[in-house]
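Below you'll find the structure, written out as structure tokens, and then a few comments.
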Amino acid sequence: MAGVAAGAESAPAPGPGHDTTVVLPRTPAGTPHDFDFEHGRWHTSLRKLMQPMSGQQQWADYSGTSTIHPLLGGRANLVELEVAGPQGRIEGVSLRLFDTQRQRWTLNYSNVAGGTLELPMSGGFAGGAHGVFYSADTFKGRPILVRFVIDVLDPDHCRFEQAFSADGGASWEINWIASDTRMP
């Protein structure tokens with residue numbers, strides 16, 4: 001995986017009754033201005049796998065906007081996602097916070113329909129153009145790893161990809177692909 005340094009970080013396993021520690025792949029260090037490229041309004045084209053971890057490959061397509069608001073001099077930002085398609089609407093918000101001590105970002109996402117924050121992801125950027133973030137979570141009662149990748153293609157285009165792994169990171173299933181184009 002490009003941009004991921006050797007080594008690992010530990011995170012508590014999610015959910016009640018889990019006493020083991022999940023090992024997350026190590027990510028690149030971040031800087032407080034890694035997300036400066038993204039401030040503003042973007043057109044978002046989103047593809048979402050309808051039934052992740054099922055072996056089925058039916059995707060839903062959505063289109064809309066993402067608006068990114070810088071906070072605290074760049075050390076935090078707030079993302080508002082609003083997309084719609086034949087399968088309905090997705091409205092979400094992500095609060096991204098930079099931990100200056102660990103030199104890592106946390107991504108804290110909520111789908112407005114659920115009304116709660118998901119487990120935060122942690123990571124950073126390699127060379128400012130490739131961000132990698134991980135978390136341990138559960139999906140339908142199964143422990144999984146979640147990987148979120150951000151690729152800055154140029155100043156006006158970026159790509160986001162989320163994937164799940166049920167085998168400790170040996171294989172990944174992509175379930176969310178978003179392509180953003182800066183709006184004037």
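Chain labels A, B, ... are given in the sequence in which chains occur in the structure tokens; within each chain residues are numbered consecutively from 1, and ligands are likewise numbered from 1 in the order shown.
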
Please list as a PyMOL selection string every residue within 12 Å of Glu38 in chain A, counting only C-alpha atoms and excluding residues in the same chain fewer than 3 positions away.
chain A and resi 33-35+41-43+66-70+74+76-79+128-129+150-159+180-183

Please produce an output containing C-alpha atoms for each residue in the selection, written as a short mmCIF file (atom, residue, chain, number, x, y, z; two decimals), in the first residue's frame.
data_model
loop_
_atom_site.label_atom_id
_atom_site.label_comp_id
_atom_site.auth_asym_id
_atom_site.auth_seq_id
_atom_site.Cartn_x
_atom_site.Cartn_y
_atom_site.Cartn_z
CA HIS A 33 -2.55 21.90 7.01
CA ASP A 34 -3.04 18.57 5.20
CA PHE A 35 -6.67 19.43 4.38
CA ARG A 41 -17.37 23.73 -2.25
CA TRP A 42 -17.11 20.62 -4.43
CA HIS A 43 -19.32 18.65 -6.82
CA SER A 66 -19.48 18.58 -0.36
CA THR A 67 -18.65 21.77 1.49
CA ILE A 68 -15.53 21.95 3.65
CA HIS A 69 -15.23 24.65 6.32
CA PRO A 70 -11.81 25.31 7.89
CA GLY A 74 -6.60 24.64 9.71
CA ALA A 76 -9.77 21.14 12.19
CA ASN A 77 -12.42 21.24 9.49
CA LEU A 78 -16.05 20.36 9.03
CA VAL A 79 -17.32 18.53 5.95
CA GLY A 128 0.52 15.87 1.06
CA ALA A 129 -1.26 14.06 -1.79
CA ILE A 150 -7.83 10.28 0.08
CA ASP A 151 -5.93 11.05 -3.14
CA VAL A 152 -5.40 14.67 -4.18
CA LEU A 153 -5.23 14.39 -7.98
CA ASP A 154 -4.68 18.11 -8.64
CA PRO A 155 -5.90 21.37 -7.05
CA ASP A 156 -9.41 20.88 -8.46
CA HIS A 157 -9.90 17.09 -8.20
CA CYS A 158 -9.69 14.54 -5.39
CA ARG A 159 -10.82 10.97 -4.82
CA ASP A 180 -14.85 15.54 -6.10
CA THR A 181 -14.43 18.44 -8.54
CA ARG A 182 -13.98 21.96 -7.18
CA MET A 183 -16.89 24.32 -7.86
#

Near Ala178 in chain A, within 7 Å and counting only C-alpha atoms, which residues show up once chain neighbours fewer than 2 positions away are dropped, as a VMD selection string?
chain A and resid 44 to 47 159 to 161 176 180

Find the spatial neighbours of Ser165 in chain A, counting only C-alpha atoms, within a cut-off of 10 Å - ignore same-chain residues fewer than 3 positions away - and output them as a PyMOL selection string.
chain A and resi 53+136+143-147+168-174

Could you write out the selected residues, including C-alpha atoms, as a short mmCIF file (atom, residue, chain, number, x, y, z; two decimals), in the first residue's frame?
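Writing done, so here's again17.cif:
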data_model
loop_
_atom_site.label_atom_id
_atom_site.label_comp_id
_atom_site.auth_asym_id
_atom_site.auth_seq_id
_atom_site.Cartn_x
_atom_site.Cartn_y
_atom_site.Cartn_z
CA MET A 53 -19.27 -7.94 2.78
CA ALA A 136 -11.33 -1.04 13.94
CA PRO A 143 -14.99 -7.38 13.64
CA ILE A 144 -13.50 -5.55 10.66
CA LEU A 145 -10.81 -3.05 9.77
CA VAL A 146 -11.89 0.04 7.87
CA ARG A 147 -9.51 1.88 5.54
CA GLY A 168 -7.00 -8.34 9.40
CA GLY A 169 -6.05 -6.37 6.29
CA ALA A 170 -4.97 -9.29 4.07
CA SER A 171 -7.74 -8.39 1.59
CA TRP A 172 -10.00 -5.37 1.19
CA GLU A 173 -13.45 -4.82 -0.31
CA ILE A 174 -14.02 -1.27 -1.59
#

Distance of CA of Gly30 in chain A from CA of Trp105 in chain A, expressed in Å to one decimal place:
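For CA of Trp105 in chain A relative to CA of Gly30 in chain A, the distance reads 6.7 Å.
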
Would you please work out which residue, of A:Ala84, A:Leu97, A:Asn175, A:Gly141, is nearest to Met50 in chain A when using only C-alpha atoms?
A:Asn175

Choose the residue, out of A:Trp59, A:Phe125, A:Phe133, A:Phe98, that has the smallest atom-to-atom separation from Leu72 in chain A; count only C-alpha atoms.
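Closest to Leu72 in chain A of all the choices is A:Phe98.
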
With distances taken over only C-alpha atoms, which residue among A:Leu24, A:Ala166, A:Val93, A:Ala29 lies nearest Pro52 in chain A?
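Looking only at the distances to Pro52 in chain A, the closest residue turns out to be A:Ala166.
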
Just list the residues in range 2-177 of chain A DSSP gives strand (DSSP E or B) on the backbone, as a ChimeraX atom specification.
/A:8-12,21-25,40-49,59-71,76-85,88-99,104-111,121-126,130-139,142-154,157-165,173-177

Can you tell me how far CA of Thr100 in chain A sits from CA of Glu80 in chain A, in Å to one decimal?
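According to the coordinates, CA of Thr100 in chain A and CA of Glu80 in chain A are separated by 24.0 Å.
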
Go through A:Arg75, A:Ser110, A:Phe148, A:Arg142 one by one, measure the shortest atom-to-atom distance of each to Glu91 in chain A using only C-alpha atoms, and give the residue with the smallest value.
A:Ser110

Could you tell me, as a list in words, which residues of chain A DSSP assigns to helix (DSSP H, G or I) when given the backbone?
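Taking chain A and keeping helix (DSSP H, G or I) gives Asp36, Phe37, Glu38, Leu72, Gly73 and Gly74 of chain A.
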
Taking into account only C-alpha atoms, which residue in the set A:Asn111, A:Thr106, A:Thr138, A:Gln57 is nearest to Gly92 in chain A?
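Of A:Asn111, A:Thr106, A:Thr138, A:Gln57, the one nearest Gly92 in chain A, counting only C-alpha atoms, is A:Asn111.
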
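Separating CA of Gly73 in chain A from CA of Val149 in chain A is a distance of 23.6 Å.
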